[in-house]
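K.L.:
First, the structure itself, so that you have it in front of you.
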Amino acid sequence: MPTQVSSALSRLVGAIREFTIAQRTLALIGVAVLVLGGAALTAWIAQPRYSPLFSGLSGEDASAIVDQLEADGVDYQLADGGSTILVPADKVDQERIAAAAAGLPTEGTSGYQLLDDMGVTASEFQQDVTYKRAIEGELSSTISAIRGVKAASVQLAIPEESVFVSEQVDPTASVFLETSGTLSEEQVQAIVHLTSAAVDGLLPENVSVVDSRGTLLSVVGEGTVGDASAQASDYEQRVRQTVQAMLDQVVGPGNSTVVVNAVVSNESAQRVEESYTVPEGAPALSETSTTESYSGSGNASTGVLGPDNIAVPSGEGDGSYVNESETRNNAVDKVTETTEIPAGAISRQTVSVAVNSDAVTNINEQTISNLVSAAAGIQPNRGDQITVEAASFSTSTADRAAQALQEAEAAEQQETLLRTITIAALVLAVTVVLIVALVLLRKRARRRPEPLDVGALPVAPAGDGRPPGLDPAAAVAWPLAPGATPPQLGDLPTVPLGPLASQAPSEFERIQADINALAGSDPGKTADYLRALMDDRQAV
């Protein structure tokens, strides 16, 4: 081991040995927290990431797929009440291929795959029912792929075609949806048109859509629920935005307000119109002419009828006449127009405009009325109306909004300041704790007792082993005679300094003075300290 590493380890071990019990306890707790945190982080990183294998499964399919995963030894998790199966991300493709090979999930074989198992001996009724089931399965799979739809079930009512009836009944369809949220109006219309386009003769208004909460999204005979009201709301919003944008440029933002009310018809109708025109320059389809002429002699009586229907002669003639007639059948163009009038047509609208009279003074109401009429598409023959009034706007709402905005900004700034102060306090507290710990460790390291140089001690002469001039009762550190009682430190004689009293005390004299002072206050501790010094001296 390198010298630097061994010395560092030695210093670390020495520092740890100098810790108190409280410091060692805190150190052990910190090490345990670090070890547990590292173990938890390692376990979390090593944990595999799960991805959906299949979702929207029935109970039978989920059970069969779980059995297959257990047989393959693949870990799995269940979600959404068991309808979704999660497996490690690196096993998704492999297990999907294995499930497809086993024919799982079985709901995937409810489409046109049903026709593959049909034999040549199937009756016409079986063929029709199987074909209808195939279309229902394909529609269910397609609708389930729409975002927000977890599962879908489609039921078709297709009447049997017959040549013995004059009028055929229109087919209808019902769609049941299990959604993960609320579907938008556009999504419902997409489902309705997708279903109607898949069946010949199925009209969009003959598709009924119901969700898992029992809410009607589309009613047979009426179409999408709320379609007319939704169109009215969209129309009003569009017109209001158009007019408001124009007024903001003319009178300034905040100086006008616009309200649009549109009356929408909820009735649908069909209108048939026929018109006839004669083409110019076209030849006649047929033409006939007849001419009769007669010439002869004799009297021809002409006149008026008299009484009893007796002709009264009035003159004479030669008896000849000419009769001509002509008949022509010209070509006529006939145009028949059939118009479907859906629900949601705008039958009447009104536009109300209020202008702030305190801010707008250079524009008259007629100018604003003309601009709004052109922007909103007002049609007087339809009964549309427009009203423009100048009034003083109330600023209380704006003032409250501005005050609320200022309060929100102040609260946000205060929260940000408080968060900053909290973070700074935490950082400062951690820094102070670290500094205090470092200072304590440094002081602890400096408390290590250093050897004191007390000078040369007198060597005990041979005999009783005591230095000369020392009273036998004052012996402390030297061996005592058997049965002798050790003297007290307070009985030690004071050695006179003699001529050295006028000189500055040496290091030895200063230490001796400290020992004397300590012996006077605590004799027992002084004796222990002297024994420790003598033991260190002997070890050296």
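Chain labels follow the order of the structure tokens: the first chain is A, the next B, and so on; residue numbering restarts at 1 in every chain, and ligands are counted from 1 in their shown order.
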Neighbours of A:Ile386 within 8 Å (only C-alpha atoms; same-chain residues fewer than 3 positions away dropped), as a PyMOL selection string?
P.N.:
chain A and resi 350-353+369+372-373+378
K.L.:
Write out the residues from the selection above, keeping all heavy atoms, as a PDB file, in the first residue's frame.
P.N.:
ATOM      1  N   THR A 350     -79.072  38.490 -33.994  1.00  0.00           N
ATOM      2  CA  THR A 350     -79.036  39.864 -33.507  1.00  0.00           C
ATOM      3  C   THR A 350     -77.652  40.137 -32.943  1.00  0.00           C
ATOM      4  O   THR A 350     -77.037  39.264 -32.330  1.00  0.00           O
ATOM      5  CB  THR A 350     -80.097  40.092 -32.418  1.00  0.00           C
ATOM      6  OG1 THR A 350     -79.865  39.184 -31.334  1.00  0.00           O
ATOM      7  CG2 THR A 350     -81.491  39.886 -32.960  1.00  0.00           C
ATOM      8  N   VAL A 351     -77.180  41.363 -33.155  1.00  0.00           N
ATOM      9  CA  VAL A 351     -75.862  41.776 -32.699  1.00  0.00           C
ATOM     10  C   VAL A 351     -76.025  43.049 -31.880  1.00  0.00           C
ATOM     11  O   VAL A 351     -76.626  44.024 -32.346  1.00  0.00           O
ATOM     12  CB  VAL A 351     -74.894  42.020 -33.876  1.00  0.00           C
ATOM     13  CG1 VAL A 351     -73.525  42.448 -33.364  1.00  0.00           C
ATOM     14  CG2 VAL A 351     -74.780  40.781 -34.734  1.00  0.00           C
ATOM     15  N   SER A 352     -75.512  42.998 -30.642  1.00  0.00           N
ATOM     16  CA  SER A 352     -75.569  44.160 -29.760  1.00  0.00           C
ATOM     17  C   SER A 352     -74.149  44.636 -29.489  1.00  0.00           C
ATOM     18  O   SER A 352     -73.281  43.834 -29.141  1.00  0.00           O
ATOM     19  CB  SER A 352     -76.262  43.805 -28.436  1.00  0.00           C
ATOM     20  OG  SER A 352     -77.574  43.349 -28.669  1.00  0.00           O
ATOM     21  N   VAL A 353     -73.934  45.937 -29.653  1.00  0.00           N
ATOM     22  CA  VAL A 353     -72.611  46.539 -29.478  1.00  0.00           C
ATOM     23  C   VAL A 353     -72.742  47.689 -28.504  1.00  0.00           C
ATOM     24  O   VAL A 353     -73.604  48.570 -28.671  1.00  0.00           O
ATOM     25  CB  VAL A 353     -72.018  47.026 -30.813  1.00  0.00           C
ATOM     26  CG1 VAL A 353     -70.657  47.663 -30.599  1.00  0.00           C
ATOM     27  CG2 VAL A 353     -71.920  45.874 -31.807  1.00  0.00           C
ATOM     28  N   SER A 369     -72.366  51.144 -36.653  1.00  0.00           N
ATOM     29  CA  SER A 369     -73.432  50.229 -37.072  1.00  0.00           C
ATOM     30  C   SER A 369     -73.178  49.694 -38.472  1.00  0.00           C
ATOM     31  O   SER A 369     -73.369  48.499 -38.741  1.00  0.00           O
ATOM     32  CB  SER A 369     -74.781  50.940 -37.002  1.00  0.00           C
ATOM     33  OG  SER A 369     -75.813  50.090 -37.460  1.00  0.00           O
ATOM     34  N   VAL A 372     -70.262  47.127 -38.272  1.00  0.00           N
ATOM     35  CA  VAL A 372     -70.666  45.858 -37.651  1.00  0.00           C
ATOM     36  C   VAL A 372     -71.612  45.091 -38.562  1.00  0.00           C
ATOM     37  O   VAL A 372     -71.547  43.861 -38.651  1.00  0.00           O
ATOM     38  CB  VAL A 372     -71.318  46.137 -36.289  1.00  0.00           C
ATOM     39  CG1 VAL A 372     -71.898  44.858 -35.694  1.00  0.00           C
ATOM     40  CG2 VAL A 372     -70.301  46.734 -35.334  1.00  0.00           C
ATOM     41  N   SER A 373     -72.509  45.788 -39.241  1.00  0.00           N
ATOM     42  CA  SER A 373     -73.447  45.120 -40.147  1.00  0.00           C
ATOM     43  C   SER A 373     -72.719  44.388 -41.262  1.00  0.00           C
ATOM     44  O   SER A 373     -73.065  43.258 -41.620  1.00  0.00           O
ATOM     45  CB  SER A 373     -74.424  46.139 -40.724  1.00  0.00           C
ATOM     46  OG  SER A 373     -75.292  45.528 -41.656  1.00  0.00           O
ATOM     47  N   ILE A 378     -75.157  40.909 -41.615  1.00  0.00           N
ATOM     48  CA  ILE A 378     -76.547  41.138 -41.255  1.00  0.00           C
ATOM     49  C   ILE A 378     -77.413  41.097 -42.510  1.00  0.00           C
ATOM     50  O   ILE A 378     -77.096  41.731 -43.528  1.00  0.00           O
ATOM     51  CB  ILE A 378     -76.696  42.493 -40.533  1.00  0.00           C
ATOM     52  CG1 ILE A 378     -75.881  42.501 -39.239  1.00  0.00           C
ATOM     53  CG2 ILE A 378     -78.156  42.792 -40.240  1.00  0.00           C
ATOM     54  CD1 ILE A 378     -76.331  41.476 -38.229  1.00  0.00           C
TER      55      ILE A 378
END
K.L.:
Using only C-alpha atoms, find the one residue out of A:Ala391, A:Val258, A:Leu9, A:Ala173 that sits nearest to A:Leu203.
P.N.:
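Of the candidates, the smallest distance to A:Leu203 is held by A:Ala173.
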K.L.:
May I ask which of the residues A:Ala100, A:Ala359, A:Ile29, A:Val199 is the closest one to A:Pro253, counting only C-alpha atoms?
P.N.:
A:Ala359
K.L.:
Give the answer as one residue: which of A:Asp333, A:Glu287, A:Glu273, A:Asp61 has the shortest atom-to-atom distance to A:Ala99, using only C-alpha atoms?
P.N.:
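Smallest distance to A:Ala99 is found for A:Asp61.
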K.L.:
What does the structure give for the distance between atom CA of A:Ser51 and atom CA of A:Leu177, in Å to one decimal?
P.N.:
24.7 Å
K.L.:
So how far away is atom CA of A:Val129 from atom CA of A:Leu57, in Å?
P.N.:
24.8 Å
K.L.:
Can you list, as a list in words, every protein, DNA or RNA residue that comes within 12 Å of A:Gly81 when you count only C-alpha atoms, leaving out same-chain residues fewer than 6 positions away?
P.N.:
Ser55, Gly56, Leu57, Ser58, Gly59 and Ala62 of chain A
K.L.:
List the neighbours of A:Ala152 out to 10 Å using only C-alpha atoms; skip same-chain residues closer than 2 positions along the sequence, and give me the result as a list in words.
P.N.:
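The residues satisfying every condition are Gly56, Glu136, Gly137, Leu139, Ser140, Ser141, Thr142, Ile143, Ser144, Ala145, Ile146, Val149, Lys150, Val154, Val175, Phe176, Leu177, Glu178, Thr179, Asp211 and Ser212 of chain A.
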K.L.:
Skipping near chain neighbours, those fewer than 6 positions away, what residues fall within 9 Å of A:Val219 using only C-alpha atoms, listed as number ranges by chain?
P.N.:
A: 205-210, 225
K.L.:
Can you list every residue in stretch 129-169 of chain A that DSSP puts in alpha helix (DSSP H), as an MDAnalysis selection string?
P.N.:
chainID A and resid 129:144
K.L.:
Since we have the selection now, will you write its residues out, keeping all heavy atoms, as a tab-separated table (two decimals), in the first residue's frame?
P.N.:
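Final output, saved to part18.tsv:
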chain	number	residue	atom	x	y	z
A	129	VAL	N	-75.13	-13.82	-41.77
A	129	VAL	CA	-74.84	-13.51	-40.38
A	129	VAL	C	-73.34	-13.40	-40.15
A	129	VAL	O	-72.86	-12.50	-39.44
A	129	VAL	CB	-75.47	-14.59	-39.46
A	129	VAL	CG1	-75.00	-14.40	-38.02
A	129	VAL	CG2	-76.98	-14.54	-39.54
A	130	THR	N	-72.57	-14.30	-40.75
A	130	THR	CA	-71.11	-14.25	-40.58
A	130	THR	C	-70.53	-12.99	-41.20
A	130	THR	O	-69.62	-12.36	-40.63
A	130	THR	CB	-70.48	-15.49	-41.21
A	130	THR	OG1	-71.05	-16.66	-40.64
A	130	THR	CG2	-68.97	-15.51	-40.96
A	131	TYR	N	-71.06	-12.60	-42.35
A	131	TYR	CA	-70.57	-11.37	-42.99
A	131	TYR	C	-70.91	-10.14	-42.12
A	131	TYR	O	-70.09	-9.23	-41.97
A	131	TYR	CB	-71.20	-11.23	-44.37
A	131	TYR	CG	-70.80	-9.97	-45.10
A	131	TYR	CD1	-69.50	-9.80	-45.57
A	131	TYR	CD2	-71.72	-8.94	-45.30
A	131	TYR	CE1	-69.12	-8.64	-46.23
A	131	TYR	CE2	-71.35	-7.78	-45.96
A	131	TYR	CZ	-70.05	-7.63	-46.42
A	131	TYR	OH	-69.68	-6.48	-47.06
A	132	LYS	N	-72.12	-10.14	-41.55
A	132	LYS	CA	-72.49	-9.03	-40.67
A	132	LYS	C	-71.59	-8.99	-39.43
A	132	LYS	O	-71.14	-7.93	-39.00
A	132	LYS	CB	-73.96	-9.14	-40.27
A	132	LYS	CG	-74.47	-7.97	-39.45
A	132	LYS	CD	-75.96	-8.06	-39.25
A	132	LYS	CE	-76.32	-9.13	-38.25
A	132	LYS	NZ	-75.89	-8.78	-36.87
A	133	ARG	N	-71.31	-10.15	-38.84
A	133	ARG	CA	-70.41	-10.21	-37.69
A	133	ARG	C	-69.00	-9.75	-38.06
A	133	ARG	O	-68.31	-9.10	-37.25
A	133	ARG	CB	-70.36	-11.64	-37.15
A	133	ARG	CG	-71.61	-12.10	-36.43
A	133	ARG	CD	-71.44	-13.52	-35.96
A	133	ARG	NE	-70.25	-13.67	-35.14
A	133	ARG	CZ	-69.67	-14.85	-34.87
A	133	ARG	NH1	-70.16	-15.97	-35.40
A	133	ARG	NH2	-68.61	-14.89	-34.10
A	134	ALA	N	-68.56	-10.07	-39.26
A	134	ALA	CA	-67.23	-9.65	-39.70
A	134	ALA	C	-67.16	-8.12	-39.80
A	134	ALA	O	-66.19	-7.49	-39.35
A	134	ALA	CB	-66.89	-10.29	-41.04
A	135	ILE	N	-68.22	-7.51	-40.36
A	135	ILE	CA	-68.22	-6.05	-40.47
A	135	ILE	C	-68.26	-5.42	-39.07
A	135	ILE	O	-67.57	-4.43	-38.79
A	135	ILE	CB	-69.42	-5.58	-41.31
A	135	ILE	CG1	-69.27	-6.08	-42.75
A	135	ILE	CG2	-69.53	-4.06	-41.31
A	135	ILE	CD1	-70.44	-5.72	-43.65
A	136	GLU	N	-69.06	-5.99	-38.18
A	136	GLU	CA	-69.13	-5.46	-36.82
A	136	GLU	C	-67.78	-5.56	-36.12
A	136	GLU	O	-67.36	-4.63	-35.41
A	136	GLU	CB	-70.19	-6.25	-36.03
A	136	GLU	CG	-71.61	-5.99	-36.51
A	136	GLU	CD	-72.61	-6.90	-35.81
A	136	GLU	OE1	-72.16	-7.83	-35.10
A	136	GLU	OE2	-73.82	-6.69	-35.96
A	137	GLY	N	-67.09	-6.68	-36.30
A	137	GLY	CA	-65.77	-6.82	-35.67
A	137	GLY	C	-64.75	-5.85	-36.22
A	137	GLY	O	-63.96	-5.26	-35.47
A	138	GLU	N	-64.76	-5.63	-37.53
A	138	GLU	CA	-63.83	-4.68	-38.12
A	138	GLU	C	-64.12	-3.26	-37.66
A	138	GLU	O	-63.20	-2.48	-37.35
A	138	GLU	CB	-63.90	-4.77	-39.66
A	138	GLU	CG	-63.39	-6.06	-40.24
A	138	GLU	CD	-61.90	-6.23	-40.04
A	138	GLU	OE1	-61.20	-5.21	-39.91
A	138	GLU	OE2	-61.43	-7.38	-40.00
A	139	LEU	N	-65.40	-2.89	-37.58
A	139	LEU	CA	-65.75	-1.56	-37.10
A	139	LEU	C	-65.36	-1.38	-35.64
A	139	LEU	O	-64.86	-0.31	-35.24
A	139	LEU	CB	-67.25	-1.31	-37.27
A	139	LEU	CG	-67.73	-1.05	-38.70
A	139	LEU	CD1	-69.25	-0.98	-38.75
A	139	LEU	CD2	-67.14	0.24	-39.25
A	140	SER	N	-65.56	-2.42	-34.81
A	140	SER	CA	-65.19	-2.32	-33.41
A	140	SER	C	-63.69	-2.11	-33.26
A	140	SER	O	-63.24	-1.28	-32.46
A	140	SER	CB	-65.63	-3.58	-32.67
A	140	SER	OG	-67.04	-3.75	-32.74
A	141	SER	N	-62.90	-2.85	-34.02
A	141	SER	CA	-61.45	-2.70	-33.94
A	141	SER	C	-61.01	-1.32	-34.40
A	141	SER	O	-60.12	-0.70	-33.80
A	141	SER	CB	-60.76	-3.78	-34.77
A	141	SER	OG	-61.12	-5.07	-34.33
A	142	THR	N	-61.63	-0.81	-35.46
A	142	THR	CA	-61.25	0.50	-35.99
A	142	THR	C	-61.63	1.61	-35.02
A	142	THR	O	-60.84	2.53	-34.76
A	142	THR	CB	-61.92	0.73	-37.35
A	142	THR	OG1	-61.59	-0.34	-38.22
A	142	THR	CG2	-61.44	2.03	-37.95
A	143	ILE	N	-62.83	1.55	-34.45
A	143	ILE	CA	-63.27	2.59	-33.51
A	143	ILE	C	-62.44	2.56	-32.24
A	143	ILE	O	-62.16	3.59	-31.64
A	143	ILE	CB	-64.77	2.43	-33.22
A	143	ILE	CG1	-65.58	2.68	-34.50
A	143	ILE	CG2	-65.22	3.38	-32.12
A	143	ILE	CD1	-67.07	2.41	-34.34
A	144	SER	N	-62.03	1.36	-31.81
A	144	SER	CA	-61.21	1.25	-30.59
A	144	SER	C	-59.86	1.92	-30.75
A	144	SER	O	-59.21	2.25	-29.74
A	144	SER	CB	-61.02	-0.22	-30.21
A	144	SER	OG	-62.27	-0.84	-29.96
